[in-house]
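S.K.: As input, take model.csv (CSV, C-alpha atoms):
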chain,number,residue,atom,x,y,z
S,1,MET,CA,-90.3,-7.9,54.1
S,2,LYS,CA,-86.9,-7.2,52.4
S,3,THR,CA,-84.4,-8.8,54.8
S,4,VAL,CA,-80.8,-9.3,53.9
S,5,SER,CA,-78.9,-11.7,56.2
S,6,ALA,CA,-75.5,-10.6,57.4
S,7,MET,CA,-73.9,-13.4,55.4
S,8,ALA,CA,-75.8,-12.7,52.2
S,9,ALA,CA,-74.8,-9.1,52.4
S,10,ALA,CA,-71.2,-10.2,52.9
S,11,ALA,CA,-71.5,-8.7,56.4
S,12,ALA,CA,-70.1,-10.4,59.4
S,13,LEU,CA,-72.2,-12.7,61.5
S,14,MET,CA,-70.7,-12.2,65.0
S,15,LEU,CA,-70.7,-15.3,67.1
S,16,GLY,CA,-69.5,-15.3,70.7
S,17,ALA,CA,-68.6,-12.5,73.0
S,18,CYS,CA,-65.3,-11.5,71.4
S,19,SER,CA,-65.5,-12.6,67.8
S,20,GLN,CA,-65.5,-9.9,65.1
S,21,GLY,CA,-66.2,-10.2,61.4
S,22,ASP,CA,-65.7,-8.2,58.3
S,23,GLY,CA,-68.9,-6.0,58.5
S,24,GLN,CA,-69.3,-4.9,54.9
S,25,ALA,CA,-72.4,-2.6,55.4
S,26,GLY,CA,-70.5,0.5,54.5
S,27,GLU,CA,-69.6,-0.8,51.1
S,28,ASP,CA,-73.3,-0.8,50.2
S,29,ALA,CA,-73.9,2.9,51.0
S,30,GLY,CA,-75.6,4.9,48.4
S,31,ALA,CA,-72.9,7.4,48.3
S,32,ALA,CA,-69.6,7.7,50.2
S,33,ASN,CA,-68.9,10.8,52.2
S,34,SER,CA,-66.0,12.0,50.2
S,35,ASP,CA,-65.6,15.1,52.5
S,36,ILE,CA,-65.4,13.0,55.7
S,37,GLU,CA,-61.8,11.8,56.4
S,38,ASN,CA,-62.3,10.6,60.0
S,39,VAL,CA,-65.3,9.2,61.9
S,40,ARG,CA,-67.4,12.0,63.5
S,41,LEU,CA,-69.8,11.6,66.4
S,42,TYR,CA,-72.7,14.2,66.5
S,43,THR,CA,-74.9,14.4,69.5
S,44,PHE,CA,-78.6,15.1,69.0
S,45,ASP,CA,-81.0,16.3,71.7
S,46,CYS,CA,-83.9,13.9,71.3
S,47,GLY,CA,-85.9,14.8,74.4
S,48,ARG,CA,-86.2,14.9,78.1
S,49,ILE,CA,-87.8,12.4,80.5
S,50,GLN,CA,-89.0,13.3,84.0
S,51,MET,CA,-88.8,9.9,85.8
S,52,ASN,CA,-91.5,10.3,88.4
S,53,ASP,CA,-91.0,6.9,89.9
S,54,LEU,CA,-87.4,6.0,89.9
S,55,SER,CA,-88.1,2.7,91.8
S,56,LEU,CA,-88.9,1.2,88.5
S,57,PHE,CA,-85.2,1.3,87.7
S,58,THR,CA,-84.0,-1.2,90.3
S,59,GLN,CA,-85.0,-4.6,91.6
S,60,GLY,CA,-84.5,-3.4,95.2
S,61,ASP,CA,-85.5,-0.3,97.2
S,62,GLU,CA,-82.5,2.0,96.4
S,63,TYR,CA,-84.7,4.4,94.4
S,64,ASP,CA,-87.9,4.4,96.5
S,65,GLY,CA,-89.5,7.8,96.7
S,66,ARG,CA,-87.0,9.3,94.2
S,67,THR,CA,-87.4,11.0,90.8
S,68,ASN,CA,-84.9,11.9,88.1
S,69,ASP,CA,-84.5,14.3,85.2
S,70,ALA,CA,-83.1,12.3,82.2
S,71,SER,CA,-81.7,13.3,78.9
S,72,VAL,CA,-82.6,11.4,75.7
S,73,MET,CA,-79.7,11.3,73.3
S,74,CYS,CA,-79.5,10.2,69.7
S,75,PHE,CA,-76.3,10.1,67.7
S,76,LEU,CA,-75.3,10.6,64.1
S,77,ILE,CA,-72.1,8.8,63.2
S,78,ARG,CA,-70.5,10.1,60.0
S,79,HIS,CA,-68.1,7.7,58.3
S,80,PRO,CA,-66.3,8.0,55.0
S,81,ASP,CA,-68.5,5.1,53.8
S,82,GLY,CA,-71.9,6.3,55.1
S,83,ASP,CA,-74.0,7.9,57.8
S,84,LEU,CA,-75.4,5.9,60.7
S,85,LEU,CA,-78.2,7.1,63.0
S,86,TRP,CA,-78.0,5.5,66.5
S,87,ASP,CA,-81.4,5.7,68.2
S,88,ALA,CA,-84.3,8.0,67.3
S,89,GLY,CA,-85.4,9.4,70.7
S,90,LEU,CA,-89.0,10.2,71.6
S,91,PRO,CA,-91.9,10.3,69.2
S,92,VAL,CA,-92.4,13.5,67.3
S,93,ALA,CA,-95.9,13.9,68.8
S,94,VAL,CA,-94.1,15.0,72.0
S,95,ASN,CA,-92.4,17.8,70.2
S,96,GLU,CA,-95.7,18.8,68.6
S,97,ALA,CA,-97.2,19.0,72.1
S,98,GLY,CA,-95.1,22.1,72.8
S,99,GLU,CA,-93.2,23.2,75.8
S,100,GLU,CA,-95.5,21.6,78.3
S,101,GLY,CA,-94.8,18.2,76.8
S,102,VAL,CA,-96.9,15.1,77.6
S,103,THR,CA,-97.4,12.7,80.5
S,104,SER,CA,-97.1,9.0,79.8
S,105,GLY,CA,-97.6,6.7,82.8
S,106,PRO,CA,-94.8,7.4,85.3
S,107,PHE,CA,-93.0,9.7,82.8
S,108,GLY,CA,-93.2,13.3,81.9
S,109,LEU,CA,-91.9,13.8,78.3
S,110,ALA,CA,-90.6,16.8,76.5
S,111,MET,CA,-88.9,17.2,73.1
S,112,PRO,CA,-87.8,20.7,72.2
S,113,LYS,CA,-86.1,19.7,69.0
S,114,THR,CA,-86.6,17.2,66.1
S,115,ILE,CA,-84.0,15.1,64.4
S,116,GLU,CA,-84.9,16.7,61.1
S,117,GLY,CA,-84.1,20.2,62.5
S,118,GLN,CA,-80.8,19.0,64.0
S,119,LEU,CA,-79.8,17.3,60.8
S,120,ALA,CA,-80.5,20.6,59.0
S,121,GLU,CA,-78.0,22.3,61.3
S,122,ILE,CA,-75.2,20.2,59.7
S,123,GLY,CA,-76.6,20.4,56.2
S,124,LEU,CA,-78.3,17.0,56.0
S,125,THR,CA,-81.8,15.5,55.7
S,126,VAL,CA,-83.4,12.2,56.7
S,127,GLU,CA,-82.8,11.0,53.1
S,128,ASP,CA,-79.0,11.3,53.7
S,129,ILE,CA,-79.0,8.6,56.5
S,130,ASP,CA,-77.7,5.3,55.1
S,131,TYR,CA,-78.1,3.2,58.2
S,132,PHE,CA,-80.5,3.2,61.2
S,133,THR,CA,-79.9,1.2,64.3
S,134,PRO,CA,-81.8,1.5,67.5
S,135,SER,CA,-80.0,0.3,70.6
S,136,HIS,CA,-83.4,-1.4,71.4
S,137,SER,CA,-87.0,-0.9,70.7
S,138,HIS,CA,-88.4,1.0,73.7
S,139,PHE,CA,-90.4,4.1,72.8
S,140,ASP,CA,-87.7,6.6,73.8
S,141,HIS,CA,-85.1,5.0,71.5
S,142,ILE,CA,-87.0,4.0,68.5
S,143,GLY,CA,-89.3,7.1,68.3
S,144,ASP,CA,-91.0,7.6,65.0
S,145,ALA,CA,-88.6,5.2,63.2
S,146,ASN,CA,-90.8,5.0,60.2
S,147,ARG,CA,-89.1,8.3,59.1
S,148,PHE,CA,-86.0,6.2,58.6
S,149,ALA,CA,-87.4,3.3,56.8
S,150,GLY,CA,-85.6,4.4,53.7
S,151,ALA,CA,-82.3,3.6,55.4
S,152,THR,CA,-80.9,0.1,55.9
S,153,LEU,CA,-81.9,-1.2,59.3
S,154,LEU,CA,-79.1,-2.8,61.3
S,155,ILE,CA,-80.6,-4.9,64.1
S,156,ASP,CA,-79.9,-7.8,66.4
S,157,GLU,CA,-82.0,-10.8,65.3
S,158,ASP,CA,-83.5,-11.2,68.8
S,159,GLU,CA,-84.4,-7.6,69.0
S,160,ARG,CA,-86.1,-7.7,65.6
S,161,ALA,CA,-88.2,-10.7,66.8
S,162,HIS,CA,-89.0,-8.7,69.9
S,163,MET,CA,-90.1,-5.6,68.0
S,164,PHE,CA,-92.5,-7.6,65.8
S,165,ARG,CA,-93.9,-10.1,68.3
S,166,GLU,CA,-97.7,-10.3,68.6
S,167,GLU,CA,-97.7,-8.3,71.8
S,168,ALA,CA,-95.9,-5.4,70.2
S,169,ARG,CA,-98.2,-5.5,67.2
S,170,ALA,CA,-101.1,-5.1,69.5
S,171,ASP,CA,-99.8,-1.8,70.8
S,172,GLU,CA,-101.9,0.7,68.8
S,173,GLN,CA,-100.0,3.7,70.1
S,174,SER,CA,-96.3,2.6,69.5
S,175,PHE,CA,-96.3,0.0,66.8
S,176,PRO,CA,-97.6,2.3,64.0
S,177,LEU,CA,-94.6,4.5,64.7
S,178,TYR,CA,-92.1,1.9,63.5
S,179,ASN,CA,-94.0,-0.8,61.7
S,180,ALA,CA,-92.6,0.3,58.3
S,181,LEU,CA,-89.2,-1.0,59.4
S,182,GLU,CA,-90.5,-4.5,58.9
S,183,ASP,CA,-90.3,-4.0,55.1
S,184,ALA,CA,-87.1,-1.9,55.2
S,185,GLU,CA,-83.9,-3.2,53.8
S,186,THR,CA,-82.4,-5.0,56.8
S,187,ILE,CA,-79.2,-6.6,58.0
S,188,GLU,CA,-79.8,-8.9,61.0
S,189,PHE,CA,-76.9,-10.1,63.1
S,190,ASP,CA,-76.3,-12.4,66.0
S,191,GLY,CA,-73.7,-11.1,68.4
S,192,ASP,CA,-71.4,-8.1,67.7
S,193,TYR,CA,-71.4,-6.3,64.3
S,194,ASP,CA,-68.6,-4.3,62.7
S,195,VAL,CA,-70.6,-1.8,60.7
S,196,PHE,CA,-68.0,-0.6,58.2
S,197,GLY,CA,-65.5,-3.5,58.5
S,198,ASP,CA,-62.7,-1.3,59.8
S,199,GLY,CA,-63.3,-1.5,63.5
S,200,SER,CA,-64.3,2.1,63.9
S,201,VAL,CA,-68.0,1.5,64.5
S,202,LYS,CA,-69.0,-1.7,66.3
S,203,ILE,CA,-72.5,-2.6,67.5
S,204,LEU,CA,-72.0,-4.7,70.7
S,205,ALA,CA,-74.5,-7.4,71.9
S,206,MET,CA,-75.6,-6.4,75.4
S,207,PRO,CA,-78.8,-8.3,76.0
S,208,GLY,CA,-81.0,-8.2,79.1
S,209,HIS,CA,-82.7,-4.8,79.1
S,210,THR,CA,-84.5,-6.3,76.0
S,211,PRO,CA,-83.6,-9.6,74.3
S,212,GLY,CA,-81.4,-8.0,71.7
S,213,HIS,CA,-80.3,-4.8,73.4
S,214,THR,CA,-77.0,-3.3,72.1
S,215,SER,CA,-74.4,-0.7,72.9
S,216,LEU,CA,-72.0,1.0,70.5
S,217,LEU,CA,-68.2,1.2,70.5
S,218,LEU,CA,-66.5,3.9,68.4
S,219,GLN,CA,-62.9,4.4,67.7
S,220,LEU,CA,-62.3,8.1,67.0
S,221,GLU,CA,-59.1,9.6,65.7
S,222,ASN,CA,-58.7,12.4,68.3
S,223,GLU,CA,-61.1,11.5,71.1
S,224,GLY,CA,-60.2,7.8,71.2
S,225,PRO,CA,-62.6,5.0,72.1
S,226,VAL,CA,-66.2,6.0,73.0
S,227,LEU,CA,-68.9,3.7,74.4
S,228,LEU,CA,-72.6,4.6,74.0
S,229,SER,CA,-74.6,2.7,76.7
S,230,GLY,CA,-78.0,2.4,75.1
S,231,ASP,CA,-80.0,1.5,78.2
S,232,LEU,CA,-77.6,-0.8,79.9
S,233,TYR,CA,-77.5,1.9,82.5
S,234,HIS,CA,-79.9,4.8,83.2
S,235,LEU,CA,-78.0,6.7,85.9
S,236,GLU,CA,-74.4,6.8,86.9
S,237,GLU,CA,-75.6,5.3,90.2
S,238,SER,CA,-77.0,2.4,88.2
S,239,ARG,CA,-73.6,1.7,86.8
S,240,GLU,CA,-71.8,2.0,90.2
S,241,LYS,CA,-74.3,-0.3,92.0
S,242,ARG,CA,-75.2,-2.6,89.0
S,243,LEU,CA,-78.9,-1.9,89.4
S,244,VAL,CA,-81.2,-3.7,87.1
S,245,PRO,CA,-84.7,-2.2,86.2
S,246,LYS,CA,-87.8,-4.1,87.1
S,247,PHE,CA,-88.9,-4.1,83.5
S,248,ASN,CA,-85.8,-5.7,82.0
S,249,THR,CA,-86.4,-9.0,80.2
S,250,SER,CA,-83.5,-10.8,82.0
S,251,VAL,CA,-81.7,-9.9,85.2
S,252,GLU,CA,-79.0,-12.5,84.5
S,253,ASP,CA,-78.4,-11.4,81.0
S,254,THR,CA,-78.2,-7.8,82.1
S,255,LEU,CA,-75.6,-8.5,84.8
S,256,ASP,CA,-73.6,-10.5,82.2
S,257,SER,CA,-73.8,-7.6,79.8
S,258,MET,CA,-72.7,-5.2,82.5
S,259,ASP,CA,-69.6,-7.4,83.2
S,260,ARG,CA,-68.8,-7.4,79.5
S,261,PHE,CA,-69.4,-3.7,79.0
S,262,GLU,CA,-67.0,-2.8,81.9
S,263,GLU,CA,-64.4,-5.2,80.6
S,264,ILE,CA,-64.4,-3.5,77.3
S,265,ALA,CA,-64.4,0.0,78.9
S,266,GLU,CA,-61.4,-1.0,81.0
S,267,GLU,CA,-59.5,-2.7,78.2
S,268,THR,CA,-60.0,0.2,75.7
S,269,GLY,CA,-60.0,3.1,78.1
S,270,ALA,CA,-63.2,4.3,76.4
S,271,ARG,CA,-65.1,7.4,77.4
S,272,VAL,CA,-68.5,6.0,78.5
S,273,ILE,CA,-71.6,8.0,77.7
S,274,ILE,CA,-74.7,7.0,79.6
S,275,GLN,CA,-77.4,8.1,77.2
S,276,HIS,CA,-79.9,9.2,79.9
S,277,VAL,CA,-77.5,11.0,82.1
S,278,MET,CA,-77.9,14.8,81.7
S,279,ALA,CA,-74.3,15.5,82.8
S,280,ASP,CA,-73.0,13.2,80.0
S,281,TYR,CA,-75.2,15.1,77.5
S,282,GLU,CA,-74.0,18.5,78.7
S,283,ALA,CA,-70.4,17.5,78.4
S,284,LEU,CA,-70.7,16.7,74.7
S,285,PRO,CA,-70.3,19.3,71.9
S,286,ARG,CA,-73.4,21.1,70.7
S,287,LEU,CA,-74.2,21.1,67.0
S,288,PRO,CA,-72.7,21.8,64.6
S,289,GLY,CA,-69.8,20.6,66.8
S,290,TYR,CA,-68.8,16.9,67.0
S,291,LEU,CA,-66.3,14.5,68.5
S,292,ASP,CA,-63.7,13.0,66.1
Before anything else, please render the file you have as structure tokens.

M.R.:
Amino acid sequence: MKTVSAMAAAAALMLGACSQGDGQAGEDAGAANSDIENVRLYTFDCGRIQMNDLSLFTQGDEYDGRTNDASVMCFLIRHPDGDLLWDAGLPVAVNEAGEEGVTSGPFGLAMPKTIEGQLAEIGLTVEDIDYFTPSHSHFDHIGDANRFAGATLLIDEDERAHMFREEARADEQSFPLYNALEDAETIEFDGDYDVFGDGSVKILAMPGHTPGHTSLLLQLENEGPVLLSGDLYHLEESREKRLVPKFNTSVEDTLDSMDRFEEIAEETGARVIIQHVMADYEALPRLPGYLD
């Protein structure tokens, strides 16, 4: 394993809910994006999920007997100092299954497009990605992350431990799709992480869904602040009612993270994008368009 601690990489180690460091990751990018003047946010279609048993997404009975059609969003953040991929969506095997998709437990999965194809729409390839950071390690966010093992992995230290715990290694279906990340160049952090050191791209610690779950705060020149939820919420109703899925690792941590997320959203006036809400996906620019 080639792991670079945040301190050793001269990157910030974020301690506490509000502390921010110097986040130097961008200075290590292989090549600066000389043609990028302002941060750009590109939205990728990384799949669809038919949630056939929505009751899994609350501790109570609010969703009993209900289903939901969910989007799966991934995002490319282009910064003058490098390109960051946030989340990787569903595994490519879902795309290869064709229009009918696949069934996985309580979920129907479909993936009409690949990340490679969408990168090509804006003149890029997988090799152009400098940084990869999954909001967390569930199958619909980490996808076939081995494709991005050539990028620097930015990951909460608790999430990294969760990804490579013995139980995860024993999953013969999912673990081989991201196991190469264990040997990827890695920056681990504890708390928030300012990716490029200028406040424009901040990974926010929002544990509870998984031990090291994160959200992302962007400062865009024209759009203003944007918050990407990860899986802190799955539906708009989940946000309104503070509903915690049955499979979250900590109810208490999730509720604390919801409090923090909403405080940040209110303080910054950020546009909130819930990554599994179809209406939020449809309101974003289609490629090659972007927010900036």

S.K.: So, with only C-alpha atoms as the atoms that count, which of S:Ser34, S:Asn95, S:Asn222, S:Ser238 lies closest to Tyr290 in chain S?

M.R.: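 Nearest candidate to Tyr290 in chain S out of S:Ser34, S:Asn95, S:Asn222, S:Ser238: S:Asn222.
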
S.K.: Tell me which of S:Leu232, S:Leu218, S:Ala151, S:Leu119 sits closest to His276 in chain S, counting only C-alpha atoms.

M.R.: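 The answer is S:Leu232, which sits nearest to His276 in chain S.
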
S.K.: Pick out the closest residue to Leu154 in chain S from this set: S:Ala265, S:Leu85, S:Met111, S:Met258. Count all atoms listed in the file.

M.R.: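 Smallest distance to Leu154 in chain S is found for S:Leu85.
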
S.K.: I need the residue nearest Pro207 in chain S from this list: S:Phe132, S:Phe261, S:Tyr281, S:Trp86. Use all atoms listed in the file for the distance.

M.R.: S:Phe261

S.K.: Please, what distance in Å, to one decimal, runs between CA of Glu221 in chain S and CA of Arg271 in chain S?

M.R.: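 Distance reported for this atom pair: 13.3 Å.
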
S.K.: List as a PyMOL selection string the protein and nucleic acid residues near His136 in chain S, meaning an atom at most 7 Å away when only C-alpha atoms are counted, but skip any in the same chain fewer than 2 places from it.

M.R.: chain S and resi 134+138+141+159+210+212-214

S.K.: If we count only C-alpha atoms and set the cut-off at 6 Å, which residues sit around Thr58 in chain S, ignoring sequence neighbours fewer than 4 positions away in its own chain? Please answer as a list in words.

M.R.: Leu243, Val244, Pro245 and Lys246 of chain S

S.K.: With distances taken over all atoms listed in the file, which residue among S:Lys113, S:Arg239, S:Lys202, S:Arg169 lies nearest Met73 in chain S?

M.R.: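 Using all atoms listed in the file, Met73 in chain S sits closest to S:Lys113.
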
S.K.: Pick from S:Thr249, S:Gln59, S:Gln118, S:Asn179: nearest to Leu76 in chain S, with only C-alpha atoms counted?

M.R.: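 When distances to Leu76 in chain S are compared using only C-alpha atoms, the smallest one comes from S:Gln118.
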
S.K.: Which residues, written as a list in words, have at least one atom at most 12 Å from Gly224 in chain S, with all atoms listed in the file counted and residues fewer than 6 positions away on the same chain left out?

M.R.: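 These residues fall inside the cut-off: Asn38, Val39, Arg40, Leu41, Ser200, Leu217, Leu218, Ala265, Thr268, Gly269, Ala270, Arg271, Val272, Leu291 and Asp292 of chain S.
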
S.K.: Just want the 9 Å neighbourhood of Ser250 in chain S, counted on all atoms listed in the file, with same-chain residues fewer than 4 positions away dropped. Output as an MDAnalysis selection string.

M.R.: chainID S and resid 207:211 254:255

S.K.: Find the residues around Ala70 in chain S up to 9 Å (all atoms listed in the file counted), leave out those fewer than 4 positions away in its own chain, and share them as number ranges by chain.

M.R.: S: 47-51, 234-235, 275-278

S.K.: Any idea what the distance is between CA of Tyr193 in chain S and CA of Leu153 in chain S?

M.R.: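 Separation between CA of Tyr193 in chain S and CA of Leu153 in chain S: 12.7 Å.
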
S.K.: To one decimal place, how far is CA of Thr125 in chain S from CA of Phe148 in chain S in Å?

M.R.: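 These atoms are spaced 10.6 Å apart.
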